[in-house]
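What follows is the content of start.pdb, which has PDB, C-alpha atoms, pLDDT in the B column:
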ATOM      1  CA  PRO T  33     -21.390   1.968  38.234  1.00 86.00           C
ATOM      2  CA  ASP T  34     -17.787   3.121  37.882  1.00 90.00           C
ATOM      3  CA  LEU T  35     -18.647   6.820  37.955  1.00 92.00           C
ATOM      4  CA  ILE T  36     -21.794   8.926  38.424  1.00 91.00           C
ATOM      5  CA  ILE T  37     -22.298  12.399  36.965  1.00 91.00           C
ATOM      6  CA  ILE T  38     -25.189  14.382  38.463  1.00 89.00           C
ATOM      7  CA  ASP T  39     -26.492  17.846  37.699  1.00 84.00           C
ATOM      8  CA  ARG T  40     -26.791  20.237  40.644  1.00 79.00           C
ATOM      9  CA  TYR T  41     -30.431  21.089  39.960  1.00 76.00           C
ATOM     10  CA  MET T  42     -32.759  18.242  39.090  1.00 73.00           C
ATOM     11  CA  PRO T  43     -36.489  18.628  38.486  1.00 76.00           C
ATOM     12  CA  ILE T  44     -37.891  15.759  40.566  1.00 78.00           C
ATOM     13  CA  ILE T  45     -35.497  14.957  43.423  1.00 77.00           C
ATOM     14  CA  ASP T  46     -33.205  17.141  45.496  1.00 76.00           C
ATOM     15  CA  ASP T  47     -29.603  16.631  44.414  1.00 76.00           C
ATOM     16  CA  ILE T  48     -28.229  16.397  47.953  1.00 80.00           C
ATOM     17  CA  GLU T  49     -30.747  13.740  48.967  1.00 83.00           C
ATOM     18  CA  TYR T  50     -30.049  11.838  45.772  1.00 84.00           C
ATOM     19  CA  ILE T  51     -26.306  11.892  46.443  1.00 85.00           C
ATOM     20  CA  LYS T  52     -26.871  10.646  49.993  1.00 84.00           C
ATOM     21  CA  ASN T  53     -28.954   7.764  48.639  1.00 85.00           C
ATOM     22  CA  ILE T  54     -26.252   6.874  46.149  1.00 85.00           C
ATOM     23  CA  LYS T  55     -23.562   6.960  48.845  1.00 84.00           C
ATOM     24  CA  GLN T  56     -25.583   4.495  50.933  1.00 85.00           C
ATOM     25  CA  LYS T  57     -25.753   2.024  48.041  1.00 84.00           C
ATOM     26  CA  TYR T  58     -22.400   2.616  46.324  1.00 72.00           C
ATOM     27  CA  LEU T  59     -19.904   3.761  48.919  1.00 74.00           C
ATOM     28  CA  ASP T  60     -16.838   3.802  46.698  1.00 82.00           C
ATOM     29  CA  VAL T  61     -18.212   5.208  43.447  1.00 89.00           C
ATOM     30  CA  PRO T  62     -16.888   8.648  42.465  1.00 92.00           C
ATOM     31  CA  ILE T  63     -19.620  11.272  42.081  1.00 91.00           C
ATOM     32  CA  ILE T  64     -19.103  14.266  39.822  1.00 91.00           C
ATOM     33  CA  LEU T  65     -21.562  17.123  40.331  1.00 88.00           C
ATOM     34  CA  THR T  66     -22.142  19.498  37.410  1.00 88.00           C
ATOM     35  CA  SER T  67     -23.144  23.053  38.250  1.00 84.00           C
ATOM     36  CA  GLY T  68     -23.389  26.497  36.745  1.00 80.00           C
ATOM     37  CA  SER T  69     -22.909  28.039  40.199  1.00 76.00           C
ATOM     38  CA  TYR T  70     -19.675  28.339  42.129  1.00 69.00           C
ATOM     39  CA  LEU T  71     -19.712  25.842  45.002  1.00 67.00           C
ATOM     40  CA  LYS T  72     -16.605  26.577  47.052  1.00 65.00           C
ATOM     41  CA  ASN T  73     -17.010  24.113  49.937  1.00 72.00           C
ATOM     42  CA  PHE T  74     -19.858  22.041  48.546  1.00 71.00           C
ATOM     43  CA  LYS T  75     -17.522  19.218  47.535  1.00 74.00           C
ATOM     44  CA  GLU T  76     -16.522  18.510  51.128  1.00 75.00           C
ATOM     45  CA  GLU T  77     -19.974  19.174  52.600  1.00 76.00           C
ATOM     46  CA  ILE T  78     -21.704  16.391  50.697  1.00 80.00           C
ATOM     47  CA  ASN T  79     -18.693  14.127  50.125  1.00 81.00           C
ATOM     48  CA  ILE T  80     -18.454  14.137  46.342  1.00 87.00           C
ATOM     49  CA  SER T  81     -15.361  13.569  44.237  1.00 90.00           C
ATOM     50  CA  GLU T  82     -15.449  16.654  42.023  1.00 89.00           C
ATOM     51  CA  VAL T  83     -17.517  19.653  40.943  1.00 87.00           C
ATOM     52  CA  LEU T  84     -17.589  20.215  37.183  1.00 88.00           C
ATOM     53  CA  MET T  85     -18.383  23.859  36.469  1.00 87.00           C
ATOM     54  CA  LYS T  86     -20.537  24.770  33.456  1.00 88.00           C
ATOM     55  CA  PRO T  87     -19.826  25.570  30.754  1.00 92.00           C
ATOM     56  CA  TYR T  88     -17.206  22.874  30.553  1.00 89.00           C
ATOM     57  CA  SER T  89     -14.941  21.859  27.733  1.00 94.00           C
ATOM     58  CA  PHE T  90     -14.238  18.429  26.352  1.00 95.00           C
ATOM     59  CA  GLU T  91     -10.711  18.648  27.780  1.00 95.00           C
ATOM     60  CA  THR T  92     -12.038  19.345  31.282  1.00 93.00           C
ATOM     61  CA  VAL T  93     -14.428  16.391  31.146  1.00 94.00           C
ATOM     62  CA  GLN T  94     -11.699  14.161  29.727  1.00 95.00           C
ATOM     63  CA  SER T  95      -9.303  15.166  32.511  1.00 94.00           C
ATOM     64  CA  ILE T  96     -11.864  14.334  35.203  1.00 92.00           C
ATOM     65  CA  LEU T  97     -12.724  11.012  33.608  1.00 92.00           C
ATOM     66  CA  GLU T  98      -9.057  10.065  33.385  1.00 94.00           C
ATOM     67  CA  ARG T  99      -8.577  10.811  37.088  1.00 94.00           C
ATOM     68  CA  PHE T 100     -11.508   8.736  38.284  1.00 91.00           C
ATOM     69  CA  LEU T 101     -11.711   5.846  35.821  1.00 87.00           C
TER
END
Could you take the file, read its structure, and then write that structure out as structure tokens?
Amino acid sequence: PDLIIIDRYMPIIDDIEYIKNIKQKYLDVPIILTSGSYLKNFKEEINISEVLMKPYSFETVQSILERFL
């Protein structure tokens, strides 16, 4: 994939474990994490490209996509 967008809270698998699994398979793919909670240092802690805060606008999503694609 060229880009992966993941929600912070998923019903079946822990998001952090899922991100670690993705990073093992796709080292260079940007990962965007969506969240309704403020995650100040979370981006660096789990090595993701960006945190997209909810609620987000079309312009915000477009800006992120333009940066990473």
Identify all residues satisfying the PyMOL selection byres ((chain T and resi 54-69) around 6) in the given file; provide them as an MDAnalysis selection string.
chainID T and resid 34:40 51:53 70 80:86
For the atom pair atom CA of T:Asn79 and atom CA of T:Ile45, what is the interatomic distance in Å to one decimal place?
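Computing it gives 18.1 Å between the two atoms.
Pairwise distance (atom CA of T:Tyr50, atom CA of T:Pro87) equals 22.8 Å.
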Using atom CA of T:Met42 and atom CA of T:Ile78 as the two end points, give the distance in Å to one decimal.
16.1 Å
Stretch 73-92 of chain T rebuilt with N, CA, C and O atoms, output as an mmCIF file, keeping the file's coordinate frame:
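Everything below was put into part-v8.cif:
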data_model
loop_
_atom_site.group_PDB
_atom_site.id
_atom_site.type_symbol
_atom_site.label_atom_id
_atom_site.label_comp_id
_atom_site.auth_asym_id
_atom_site.auth_seq_id
_atom_site.Cartn_x
_atom_site.Cartn_y
_atom_site.Cartn_z
ATOM 1 N N ASN T 73 -17.214 25.195 48.973
ATOM 2 C CA ASN T 73 -17.010 24.113 49.937
ATOM 3 C C ASN T 73 -18.015 22.979 49.778
ATOM 4 O O ASN T 73 -18.068 22.093 50.610
ATOM 5 N N PHE T 74 -18.802 23.029 48.742
ATOM 6 C CA PHE T 74 -19.858 22.041 48.546
ATOM 7 C C PHE T 74 -19.299 20.637 48.397
ATOM 8 O O PHE T 74 -19.896 19.673 48.864
ATOM 9 N N LYS T 75 -18.155 20.516 47.768
ATOM 10 C CA LYS T 75 -17.522 19.218 47.535
ATOM 11 C C LYS T 75 -17.297 18.468 48.849
ATOM 12 O O LYS T 75 -17.620 17.290 48.961
ATOM 13 N N GLU T 76 -16.789 19.137 49.835
ATOM 14 C CA GLU T 76 -16.522 18.510 51.128
ATOM 15 C C GLU T 76 -17.800 18.304 51.932
ATOM 16 O O GLU T 76 -17.938 17.320 52.650
ATOM 17 N N GLU T 77 -18.738 19.236 51.813
ATOM 18 C CA GLU T 77 -19.974 19.174 52.600
ATOM 19 C C GLU T 77 -20.791 17.928 52.300
ATOM 20 O O GLU T 77 -21.369 17.337 53.202
ATOM 21 N N ILE T 78 -20.869 17.548 51.042
ATOM 22 C CA ILE T 78 -21.704 16.391 50.697
ATOM 23 C C ILE T 78 -20.890 15.191 50.250
ATOM 24 O O ILE T 78 -21.444 14.217 49.773
ATOM 25 N N ASN T 79 -19.584 15.266 50.391
ATOM 26 C CA ASN T 79 -18.693 14.127 50.125
ATOM 27 C C ASN T 79 -18.781 13.624 48.682
ATOM 28 O O ASN T 79 -19.101 12.471 48.437
ATOM 29 N N ILE T 80 -18.513 14.531 47.746
ATOM 30 C CA ILE T 80 -18.454 14.137 46.342
ATOM 31 C C ILE T 80 -17.008 14.236 45.878
ATOM 32 O O ILE T 80 -16.168 14.865 46.512
ATOM 33 N N SER T 81 -16.733 13.632 44.736
ATOM 34 C CA SER T 81 -15.361 13.569 44.237
ATOM 35 C C SER T 81 -14.917 14.850 43.552
ATOM 36 O O SER T 81 -13.767 15.258 43.675
ATOM 37 N N GLU T 82 -15.833 15.478 42.811
ATOM 38 C CA GLU T 82 -15.449 16.654 42.023
ATOM 39 C C GLU T 82 -16.681 17.468 41.658
ATOM 40 O O GLU T 82 -17.778 16.932 41.558
ATOM 41 N N VAL T 83 -16.486 18.771 41.475
ATOM 42 C CA VAL T 83 -17.517 19.653 40.943
ATOM 43 C C VAL T 83 -17.054 20.087 39.560
ATOM 44 O O VAL T 83 -15.955 20.599 39.395
ATOM 45 N N LEU T 84 -17.884 19.854 38.563
ATOM 46 C CA LEU T 84 -17.589 20.215 37.183
ATOM 47 C C LEU T 84 -18.402 21.464 36.852
ATOM 48 O O LEU T 84 -19.627 21.418 36.782
ATOM 49 N N MET T 85 -17.713 22.580 36.705
ATOM 50 C CA MET T 85 -18.383 23.859 36.469
ATOM 51 C C MET T 85 -18.798 24.001 35.006
ATOM 52 O O MET T 85 -18.042 23.680 34.107
ATOM 53 N N LYS T 86 -20.026 24.479 34.804
ATOM 54 C CA LYS T 86 -20.537 24.770 33.456
ATOM 55 C C LYS T 86 -20.164 26.199 33.084
ATOM 56 O O LYS T 86 -20.119 27.046 33.968
ATOM 57 N N PRO T 87 -19.942 26.508 31.869
ATOM 58 C CA PRO T 87 -19.826 25.570 30.754
ATOM 59 C C PRO T 87 -18.475 24.871 30.824
ATOM 60 O O PRO T 87 -17.475 25.465 31.198
ATOM 61 N N TYR T 88 -18.450 23.628 30.494
ATOM 62 C CA TYR T 88 -17.206 22.874 30.553
ATOM 63 C C TYR T 88 -16.787 22.432 29.161
ATOM 64 O O TYR T 88 -17.595 22.278 28.267
ATOM 65 N N SER T 89 -15.508 22.253 29.025
ATOM 66 C CA SER T 89 -14.941 21.859 27.733
ATOM 67 C C SER T 89 -14.733 20.352 27.693
ATOM 68 O O SER T 89 -14.715 19.672 28.728
ATOM 69 N N PHE T 90 -14.543 19.845 26.519
ATOM 70 C CA PHE T 90 -14.238 18.429 26.352
ATOM 71 C C PHE T 90 -12.980 18.066 27.134
ATOM 72 O O PHE T 90 -12.922 17.025 27.784
ATOM 73 N N GLU T 91 -11.975 18.918 27.091
ATOM 74 C CA GLU T 91 -10.711 18.648 27.780
ATOM 75 C C GLU T 91 -10.910 18.548 29.292
ATOM 76 O O GLU T 91 -10.288 17.709 29.954
ATOM 77 N N THR T 92 -11.767 19.387 29.842
ATOM 78 C CA THR T 92 -12.038 19.345 31.282
ATOM 79 C C THR T 92 -12.724 18.035 31.655
ATOM 80 O O THR T 92 -12.345 17.380 32.625
#
